[in-house]
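Structure file input-v6.cif (mmCIF, N, CA and C atoms and all ligand atoms) follows.
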data_protein
loop_
_atom_site.label_atom_id
_atom_site.label_comp_id
_atom_site.auth_asym_id
_atom_site.auth_seq_id
_atom_site.Cartn_x
_atom_site.Cartn_y
_atom_site.Cartn_z
N MET A 1 214.30 158.08 292.06
CA MET A 1 214.28 158.52 290.65
C MET A 1 213.84 159.99 290.59
N THR A 2 214.54 160.79 289.79
CA THR A 2 214.15 162.20 289.71
C THR A 2 212.84 162.33 288.95
N THR A 3 212.13 163.41 289.19
CA THR A 3 210.87 163.67 288.50
C THR A 3 211.10 163.76 287.01
N ASN A 4 212.18 164.46 286.62
CA ASN A 4 212.48 164.59 285.19
C ASN A 4 212.66 163.23 284.55
N LYS A 5 213.40 162.37 285.23
CA LYS A 5 213.69 161.06 284.66
C LYS A 5 212.39 160.27 284.47
N GLN A 6 211.55 160.25 285.48
CA GLN A 6 210.27 159.54 285.39
C GLN A 6 209.44 160.06 284.21
N HIS A 7 209.36 161.37 284.14
CA HIS A 7 208.58 162.02 283.09
C HIS A 7 209.15 161.70 281.71
N LEU A 8 210.45 161.74 281.58
CA LEU A 8 211.08 161.48 280.28
C LEU A 8 210.93 160.02 279.86
N ILE A 9 211.04 159.11 280.83
CA ILE A 9 210.83 157.69 280.51
C ILE A 9 209.41 157.48 279.99
N GLU A 10 208.45 158.07 280.66
CA GLU A 10 207.05 157.94 280.23
C GLU A 10 206.84 158.50 278.82
N ALA A 11 207.42 159.67 278.58
CA ALA A 11 207.26 160.32 277.27
C ALA A 11 207.91 159.48 276.17
N ALA A 12 209.09 158.94 276.45
CA ALA A 12 209.80 158.13 275.45
C ALA A 12 209.08 156.80 275.22
N ARG A 13 208.59 156.23 276.30
CA ARG A 13 207.86 154.96 276.20
C ARG A 13 206.58 155.13 275.37
N THR A 14 205.91 156.23 275.59
CA THR A 14 204.65 156.48 274.86
C THR A 14 204.92 156.68 273.38
N VAL A 15 205.92 157.51 273.04
CA VAL A 15 206.17 157.79 271.63
C VAL A 15 206.76 156.57 270.92
N MET A 16 207.44 155.69 271.68
CA MET A 16 207.99 154.47 271.07
C MET A 16 206.90 153.66 270.38
N GLN A 17 205.67 153.75 270.88
CA GLN A 17 204.56 152.99 270.29
C GLN A 17 204.27 153.43 268.86
N ASN A 18 204.74 154.63 268.50
CA ASN A 18 204.50 155.14 267.14
C ASN A 18 205.69 154.91 266.21
N ALA A 19 206.70 154.20 266.68
CA ALA A 19 207.88 153.97 265.85
C ALA A 19 207.48 153.32 264.52
N HIS A 20 208.15 153.75 263.46
CA HIS A 20 207.97 153.09 262.16
C HIS A 20 209.20 152.22 261.95
N ALA A 21 209.09 150.97 262.39
CA ALA A 21 210.25 150.07 262.35
C ALA A 21 209.85 148.69 261.81
N PRO A 22 209.24 148.66 260.61
CA PRO A 22 208.78 147.37 260.06
C PRO A 22 209.93 146.48 259.60
N TYR A 23 211.13 147.02 259.43
CA TYR A 23 212.24 146.24 258.89
C TYR A 23 213.09 145.63 259.99
N SER A 24 213.35 146.38 261.05
CA SER A 24 214.15 145.85 262.15
C SER A 24 213.29 145.35 263.30
N SER A 25 212.04 145.81 263.37
CA SER A 25 211.17 145.55 264.53
C SER A 25 211.82 146.03 265.83
N TYR A 26 212.77 146.93 265.72
CA TYR A 26 213.44 147.49 266.91
C TYR A 26 212.86 148.89 267.13
N HIS A 27 211.96 148.97 268.08
CA HIS A 27 211.23 150.22 268.31
C HIS A 27 211.98 151.06 269.34
N VAL A 28 212.15 152.34 269.01
CA VAL A 28 212.90 153.24 269.89
C VAL A 28 212.09 154.51 270.11
N GLY A 29 212.05 154.95 271.36
CA GLY A 29 211.43 156.25 271.68
C GLY A 29 212.47 157.13 272.35
N ALA A 30 212.48 158.39 272.00
CA ALA A 30 213.43 159.33 272.62
C ALA A 30 212.68 160.56 273.10
N ALA A 31 213.12 161.07 274.23
CA ALA A 31 212.55 162.32 274.77
C ALA A 31 213.70 163.20 275.21
N VAL A 32 213.67 164.45 274.79
CA VAL A 32 214.67 165.41 275.26
C VAL A 32 213.96 166.54 275.99
N LEU A 33 214.49 166.87 277.16
CA LEU A 33 214.00 168.03 277.90
C LEU A 33 214.86 169.21 277.46
N ALA A 34 214.22 170.32 277.10
CA ALA A 34 214.96 171.49 276.62
C ALA A 34 214.91 172.61 277.66
N ASP A 35 215.78 173.59 277.46
CA ASP A 35 215.86 174.68 278.44
C ASP A 35 214.65 175.62 278.38
N ASP A 36 213.73 175.38 277.45
CA ASP A 36 212.47 176.14 277.46
C ASP A 36 211.44 175.46 278.35
N GLY A 37 211.85 174.35 278.97
CA GLY A 37 210.95 173.63 279.89
C GLY A 37 210.08 172.60 279.21
N ASN A 38 210.15 172.53 277.89
CA ASN A 38 209.32 171.58 277.16
C ASN A 38 210.07 170.28 276.88
N THR A 39 209.29 169.23 276.71
CA THR A 39 209.83 167.92 276.35
C THR A 39 209.49 167.65 274.89
N TYR A 40 210.50 167.25 274.14
CA TYR A 40 210.31 166.96 272.71
C TYR A 40 210.59 165.47 272.50
N VAL A 41 209.73 164.83 271.72
CA VAL A 41 209.83 163.38 271.57
C VAL A 41 210.02 163.00 270.10
N GLY A 42 210.51 161.81 269.89
CA GLY A 42 210.66 161.30 268.53
C GLY A 42 210.85 159.80 268.54
N THR A 43 210.59 159.20 267.38
CA THR A 43 210.79 157.75 267.21
C THR A 43 211.72 157.51 266.03
N ASN A 44 212.17 156.26 265.91
CA ASN A 44 212.89 155.90 264.69
C ASN A 44 211.91 155.78 263.53
N VAL A 45 212.38 156.17 262.36
CA VAL A 45 211.55 156.18 261.14
C VAL A 45 212.32 155.42 260.07
N GLU A 46 211.98 154.16 259.89
CA GLU A 46 212.71 153.35 258.91
C GLU A 46 212.12 153.54 257.51
N ASN A 47 212.87 153.04 256.53
CA ASN A 47 212.47 153.20 255.13
C ASN A 47 212.79 151.93 254.36
N ALA A 48 211.99 151.65 253.33
CA ALA A 48 212.24 150.48 252.49
C ALA A 48 213.64 150.54 251.88
N SER A 49 214.12 151.73 251.63
CA SER A 49 215.53 151.92 251.26
C SER A 49 216.28 152.11 252.58
N TYR A 50 216.78 151.02 253.15
CA TYR A 50 217.21 150.98 254.55
C TYR A 50 218.06 152.16 255.03
N PRO A 51 219.06 152.59 254.24
CA PRO A 51 219.91 153.68 254.78
C PRO A 51 219.18 155.01 254.93
N GLU A 52 217.99 155.12 254.34
CA GLU A 52 217.26 156.39 254.43
C GLU A 52 216.48 156.55 255.74
N GLY A 53 216.46 155.51 256.55
CA GLY A 53 215.79 155.63 257.85
C GLY A 53 216.62 156.46 258.81
N TRP A 54 216.00 156.86 259.92
CA TRP A 54 216.76 157.61 260.93
C TRP A 54 216.31 157.25 262.33
N CYS A 55 217.08 157.71 263.29
CA CYS A 55 216.94 157.29 264.69
C CYS A 55 215.94 158.15 265.47
N ALA A 56 215.47 157.58 266.58
CA ALA A 56 214.52 158.27 267.46
C ALA A 56 215.11 159.57 268.03
N GLU A 57 216.37 159.53 268.42
CA GLU A 57 217.01 160.71 269.00
C GLU A 57 217.03 161.85 267.97
N THR A 58 217.30 161.48 266.73
CA THR A 58 217.34 162.48 265.65
C THR A 58 215.97 163.13 265.48
N SER A 59 214.91 162.31 265.54
CA SER A 59 213.55 162.85 265.43
C SER A 59 213.25 163.81 266.58
N ALA A 60 213.66 163.44 267.79
CA ALA A 60 213.38 164.29 268.96
C ALA A 60 214.14 165.62 268.86
N ILE A 61 215.38 165.55 268.40
CA ILE A 61 216.17 166.78 268.22
C ILE A 61 215.50 167.67 267.17
N ALA A 62 215.05 167.06 266.08
CA ALA A 62 214.39 167.84 265.02
C ALA A 62 213.14 168.54 265.56
N ALA A 63 212.36 167.85 266.40
CA ALA A 63 211.16 168.46 266.98
C ALA A 63 211.55 169.65 267.86
N MET A 64 212.61 169.48 268.64
CA MET A 64 213.07 170.57 269.52
C MET A 64 213.51 171.78 268.71
N ILE A 65 214.28 171.55 267.68
CA ILE A 65 214.78 172.67 266.87
C ILE A 65 213.64 173.35 266.12
N ALA A 66 212.70 172.56 265.63
CA ALA A 66 211.55 173.13 264.92
C ALA A 66 210.73 174.04 265.83
N ALA A 67 210.72 173.71 267.13
CA ALA A 67 209.95 174.50 268.09
C ALA A 67 210.72 175.74 268.56
N GLY A 68 211.98 175.84 268.20
CA GLY A 68 212.76 177.03 268.55
C GLY A 68 213.66 176.90 269.76
N ALA A 69 213.67 175.73 270.39
CA ALA A 69 214.56 175.52 271.54
C ALA A 69 215.95 175.14 271.04
N LYS A 70 216.95 175.36 271.88
CA LYS A 70 218.34 175.16 271.42
C LYS A 70 219.19 174.30 272.35
N GLN A 71 218.79 174.19 273.63
CA GLN A 71 219.66 173.52 274.59
C GLN A 71 218.95 172.32 275.21
N ILE A 72 219.59 171.17 275.13
CA ILE A 72 219.06 169.96 275.77
C ILE A 72 219.58 169.89 277.19
N THR A 73 218.68 169.69 278.15
CA THR A 73 219.12 169.59 279.55
C THR A 73 219.05 168.16 280.09
N GLU A 74 218.32 167.28 279.44
CA GLU A 74 218.22 165.88 279.88
C GLU A 74 217.66 165.06 278.72
N VAL A 75 218.10 163.81 278.65
CA VAL A 75 217.72 162.94 277.52
C VAL A 75 217.25 161.59 278.06
N CYS A 76 216.29 160.99 277.40
CA CYS A 76 215.92 159.60 277.72
C CYS A 76 215.63 158.84 276.44
N VAL A 77 216.17 157.63 276.36
CA VAL A 77 215.92 156.74 275.22
C VAL A 77 215.33 155.44 275.77
N VAL A 78 214.21 155.02 275.21
CA VAL A 78 213.56 153.78 275.65
C VAL A 78 213.52 152.77 274.51
N THR A 79 213.89 151.54 274.83
CA THR A 79 213.80 150.42 273.89
C THR A 79 213.18 149.24 274.64
N LYS A 80 212.89 148.15 273.92
CA LYS A 80 212.37 146.97 274.59
C LYS A 80 213.50 146.01 274.98
N SER A 81 214.70 146.30 274.55
CA SER A 81 215.80 145.35 274.70
C SER A 81 216.35 145.31 276.12
N ASP A 82 217.01 144.21 276.44
CA ASP A 82 217.68 144.06 277.73
C ASP A 82 219.11 143.62 277.46
N PRO A 83 220.11 144.45 277.76
CA PRO A 83 219.99 145.75 278.40
C PRO A 83 219.38 146.78 277.44
N PRO A 84 218.89 147.89 278.00
CA PRO A 84 218.32 148.93 277.15
C PRO A 84 219.34 149.42 276.13
N GLY A 85 218.85 149.79 274.94
CA GLY A 85 219.75 150.27 273.89
C GLY A 85 220.32 151.64 274.23
N THR A 86 221.55 151.85 273.84
CA THR A 86 222.19 153.15 274.05
C THR A 86 222.18 153.93 272.73
N PRO A 87 222.28 155.25 272.78
CA PRO A 87 222.31 156.03 271.53
C PRO A 87 223.48 155.60 270.64
N CYS A 88 223.22 155.50 269.35
CA CYS A 88 224.26 155.13 268.39
C CYS A 88 225.30 156.26 268.30
N GLY A 89 226.39 155.98 267.64
CA GLY A 89 227.48 156.96 267.56
C GLY A 89 227.04 158.27 266.92
N GLY A 90 226.28 158.15 265.82
CA GLY A 90 225.82 159.37 265.13
C GLY A 90 224.92 160.20 266.03
N CYS A 91 224.04 159.52 266.78
CA CYS A 91 223.13 160.27 267.66
C CYS A 91 223.87 160.86 268.85
N ARG A 92 224.93 160.21 269.30
CA ARG A 92 225.75 160.82 270.37
C ARG A 92 226.30 162.16 269.88
N GLN A 93 226.77 162.18 268.66
CA GLN A 93 227.29 163.43 268.10
C GLN A 93 226.17 164.46 267.95
N ARG A 94 225.00 164.04 267.48
CA ARG A 94 223.88 164.98 267.32
C ARG A 94 223.40 165.51 268.66
N LEU A 95 223.30 164.64 269.66
CA LEU A 95 222.89 165.10 271.00
C LEU A 95 223.91 166.07 271.56
N SER A 96 225.18 165.76 271.34
CA SER A 96 226.27 166.57 271.88
C SER A 96 226.24 168.01 271.34
N GLU A 97 225.71 168.16 270.14
CA GLU A 97 225.60 169.50 269.54
C GLU A 97 224.78 170.45 270.42
N PHE A 98 223.80 169.88 271.14
CA PHE A 98 222.84 170.70 271.89
C PHE A 98 222.87 170.42 273.39
N ALA A 99 223.79 169.58 273.84
CA ALA A 99 223.86 169.20 275.25
C ALA A 99 225.19 169.65 275.84
N ALA A 100 225.24 169.72 277.17
CA ALA A 100 226.49 170.03 277.85
C ALA A 100 227.19 168.73 278.23
N ALA A 101 228.45 168.85 278.63
CA ALA A 101 229.22 167.66 279.00
C ALA A 101 228.54 166.87 280.12
N ASP A 102 227.90 167.58 281.05
CA ASP A 102 227.29 166.90 282.20
C ASP A 102 225.79 166.62 282.03
N THR A 103 225.26 166.79 280.84
CA THR A 103 223.84 166.51 280.61
C THR A 103 223.55 165.02 280.84
N PRO A 104 222.55 164.70 281.67
CA PRO A 104 222.24 163.28 281.91
C PRO A 104 221.53 162.65 280.71
N VAL A 105 221.99 161.46 280.35
CA VAL A 105 221.35 160.67 279.29
C VAL A 105 220.90 159.35 279.90
N HIS A 106 219.59 159.17 280.03
CA HIS A 106 219.02 157.96 280.60
C HIS A 106 218.65 157.00 279.48
N VAL A 107 218.83 155.71 279.72
CA VAL A 107 218.26 154.70 278.84
C VAL A 107 217.41 153.79 279.72
N SER A 108 216.31 153.28 279.15
CA SER A 108 215.41 152.44 279.95
C SER A 108 214.73 151.45 279.02
N ASN A 109 214.24 150.35 279.62
CA ASN A 109 213.41 149.44 278.83
C ASN A 109 212.06 149.25 279.52
N LEU A 110 211.26 148.36 279.00
CA LEU A 110 209.89 148.23 279.53
C LEU A 110 209.86 147.50 280.86
N ASP A 111 210.97 146.85 281.24
CA ASP A 111 211.05 146.21 282.55
C ASP A 111 211.48 147.20 283.63
N GLY A 112 211.69 148.44 283.23
CA GLY A 112 212.09 149.44 284.21
C GLY A 112 213.57 149.45 284.52
N ILE A 113 214.34 148.64 283.74
CA ILE A 113 215.80 148.67 283.94
C ILE A 113 216.32 149.94 283.30
N SER A 114 217.10 150.71 284.05
CA SER A 114 217.60 151.96 283.47
C SER A 114 219.03 152.23 283.91
N HIS A 115 219.70 152.98 283.09
CA HIS A 115 221.06 153.43 283.37
C HIS A 115 221.14 154.90 282.99
N THR A 116 222.03 155.60 283.64
CA THR A 116 222.23 157.02 283.33
C THR A 116 223.71 157.30 283.14
N TRP A 117 224.01 158.01 282.07
CA TRP A 117 225.37 158.47 281.83
C TRP A 117 225.36 159.98 281.69
N ARG A 118 226.52 160.58 281.85
CA ARG A 118 226.73 161.96 281.41
C ARG A 118 227.01 161.94 279.91
N MET A 119 226.66 163.04 279.26
CA MET A 119 226.91 163.14 277.81
C MET A 119 228.37 162.83 277.49
N ASP A 120 229.29 163.36 278.32
CA ASP A 120 230.72 163.17 277.99
C ASP A 120 231.25 161.78 278.32
N GLU A 121 230.43 160.98 279.01
CA GLU A 121 230.80 159.57 279.17
C GLU A 121 230.45 158.80 277.89
N LEU A 122 229.34 159.19 277.27
CA LEU A 122 228.92 158.52 276.03
C LEU A 122 229.75 159.00 274.84
N LEU A 123 230.19 160.24 274.91
CA LEU A 123 230.99 160.79 273.80
C LEU A 123 232.15 161.62 274.36
N PRO A 124 233.21 160.93 274.79
CA PRO A 124 234.37 161.66 275.31
C PRO A 124 235.04 162.46 274.19
N SER A 125 235.65 163.55 274.57
CA SER A 125 236.41 164.36 273.61
C SER A 125 235.56 164.71 272.39
N ALA A 126 234.32 165.12 272.65
CA ALA A 126 233.39 165.40 271.55
C ALA A 126 233.92 166.49 270.63
N PHE A 127 233.66 166.31 269.36
CA PHE A 127 234.00 167.35 268.39
C PHE A 127 232.95 168.45 268.45
N LYS A 128 233.37 169.68 268.75
CA LYS A 128 232.48 170.85 268.75
C LYS A 128 233.24 172.01 268.17
N LEU A 129 232.54 172.85 267.44
CA LEU A 129 233.21 174.03 266.91
C LEU A 129 233.24 175.15 267.94
N LYS A 130 232.27 175.11 268.88
CA LYS A 130 232.30 176.05 269.99
C LYS A 130 231.86 175.32 271.24
N ASP A 131 232.19 175.92 272.40
CA ASP A 131 231.82 175.24 273.65
C ASP A 131 231.08 176.20 274.58
N1 LIG B 1 217.98 153.31 266.40
C1 LIG B 1 217.56 154.44 267.04
O1 LIG B 1 216.43 154.90 266.85
N2 LIG B 1 218.42 155.04 267.88
C2 LIG B 1 219.68 154.61 268.13
O2 LIG B 1 220.44 155.29 268.82
C3 LIG B 1 220.14 153.31 267.61
C4 LIG B 1 219.28 152.72 266.56
C5 LIG B 1 217.06 152.67 265.45
C6 LIG B 1 217.50 152.73 264.01
C7 LIG B 1 216.76 151.57 263.42
O3 LIG B 1 215.46 151.98 263.05
C8 LIG B 1 216.65 150.58 264.57
O4 LIG B 1 216.93 151.31 265.76
C9 LIG B 1 217.58 149.40 264.48
O5 LIG B 1 218.89 149.80 264.30
#

Translate the structure of the given file into C-alpha cells.
Ligand code: THU
Amino acid sequence: MTTNKQHLIEAARTVMQNAHAPYSSYHVGAAVLADDGNTYVGTNVENASYPEGWCAETSAIAAMIAAGAKQITEVCVVTKSDPPGTPCGGCRQRLSEFAAADTPVHVSNLDGISHTWRMDELLPSAFKLKD
C-alpha cells in the first residue's frame, strides 16, 4: 500500500466520524490530496429537507478550494459498507474538475477492503471545458 493511500484512508476514516447523516445513517468520509501537499477532508452533510444535503467528496473539494489549492492528485472515500461505496455521479464530475485522467481514486471500508480506480475509469469521456 502506498504511503499516500494509507494516509488518505486514515484521514477519510477519521473525518467520517463527524458525518451528519441522521436520515440515511450512511456515513461517508472523503480525503483529497492536493498539489500543495495538503490533505483536505470532508463528510456528507444531510438536511431535514433531504435534497439539500451534500456528499463527503463535495465537502472535501470545498475545503481544498477554500484553502487556495486547485489540483487534486489523489482521492480516498471511506464508508462502512461492503463493498465500499464509490463516488456518486455528481461527485465524479466534481472531482474530475480538479483531477487528471490518471488521478487515483481509492475507496475503502472499515474492514480494510479497498479498491483503486483511475479518475477516467470512474468517469470516462468526462465533460471539461479545458484540459
Ligand atoms: N454520499 C456521499 O457522501 N458521497 C457519495 O459519493 C455518495 C453518497 C452520501 C449522501 C448521503 O448523505 C448518503 O451518502 C446516502 O446517500

Could you give me, as a count of residues only, every polymer residue with an atom at most 7 Å away from an atom of ligand LIG 1 (chain B), counting all atoms listed in the file?
25

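Each of A:Ser96, A:Asp36, A:Leu123, A:Asn109 was compared to Gly68 of chain A using only N, CA and C atoms, and A:Asp36 turns out to be the nearest.
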
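The space between atom N of Met119 of chain A and atom CA of Ala101 of chain A spans 5.3 Å.
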
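Comparing the minimum interatomic distances between Val32 of chain A and each of A:Lys128, A:Cys76, A:Ser108, A:Lys70, counting only N, CA and C atoms, we find that A:Cys76 sits nearest.
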
List the residues sitting within 7 Å of (226.2, 165.4, 280.2) in the file's frame, using all atoms listed in the file, as a VMD selection string.
chain A and resid 99 to 105 117 to 121

Protein/DNA/RNA residues near (229.2, 167.5, 267.3), cut 8 Å, only C-alpha atoms, as a PyMOL selection string:
chain A and resi 93-97+126-129

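When only C-alpha atoms are used to compute distances to Ile61 of chain A, the closest of the residues A:Thr39, A:Ser125, A:Thr3, A:Gln17 turns out to be A:Thr39.
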
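Note that atom CA of His115 of chain A and atom C of Leu33 of chain A are 18.0 Å apart.
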
Select from chain A everything DSSP, run on the backbone, classes as helix (DSSP H, G or I), then give the selection as a ChimeraX atom specification.
/A:3-16,50-52,56-67,89-98,119-122

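Among the candidates A:Gly37, A:Gly42, A:Val75, A:Thr116, the one nearest to Leu8 of chain A when counting only N, CA and C atoms is A:Val75.
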
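Across the structure, atom N of Met64 of chain A and atom C of Tyr50 of chain A are spaced 22.7 Å apart.
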
Env of segment 110-113 of chain A: 6.5 Å cut, atoms = all atoms listed in the file, seq-sep filter 5 positions within chain, self excluded. Answer as number ranges by chain.
A: 79-81, 84

N, CA and C atoms of the current selection, written as an mmCIF file, in the frame of the given file:
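Saved as out03.cif:
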data_model
loop_
_atom_site.group_PDB
_atom_site.id
_atom_site.type_symbol
_atom_site.label_atom_id
_atom_site.label_comp_id
_atom_site.auth_asym_id
_atom_site.auth_seq_id
_atom_site.Cartn_x
_atom_site.Cartn_y
_atom_site.Cartn_z
ATOM 1 N N THR A 79 213.890 151.540 274.830
ATOM 2 C CA THR A 79 213.800 150.420 273.890
ATOM 3 C C THR A 79 213.180 149.240 274.640
ATOM 4 N N LYS A 80 212.890 148.150 273.920
ATOM 5 C CA LYS A 80 212.370 146.970 274.590
ATOM 6 C C LYS A 80 213.500 146.010 274.980
ATOM 7 N N SER A 81 214.700 146.300 274.550
ATOM 8 C CA SER A 81 215.800 145.350 274.700
ATOM 9 C C SER A 81 216.350 145.310 276.120
ATOM 10 N N PRO A 84 218.890 147.890 278.000
ATOM 11 C CA PRO A 84 218.320 148.930 277.150
ATOM 12 C C PRO A 84 219.340 149.420 276.130
#

Centre and edge lengths of an axis-aligned box around all listed atoms of segment 78-91 of chain A, with 3 Å added on each side, are to be given in Å to one decimal, as lines of an AutoDock Vina configuration file.
center_x = 219.9
center_y = 152.2
center_z = 271.8
size_x = 21.1
size_y = 23.2
size_z = 19.3

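Proximity of A:Val107, A:Ala19, A:Leu122, A:Ala12 to Tyr40 of chain A, computed with all atoms listed in the file, is greatest for A:Ala12.
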
Rank A:Ala67, A:Val77, A:Ala48, A:Ala62 by their smallest atom-to-atom distance to Ala31 of chain A, using all atoms listed in the file, and report the top residue only.
A:Val77
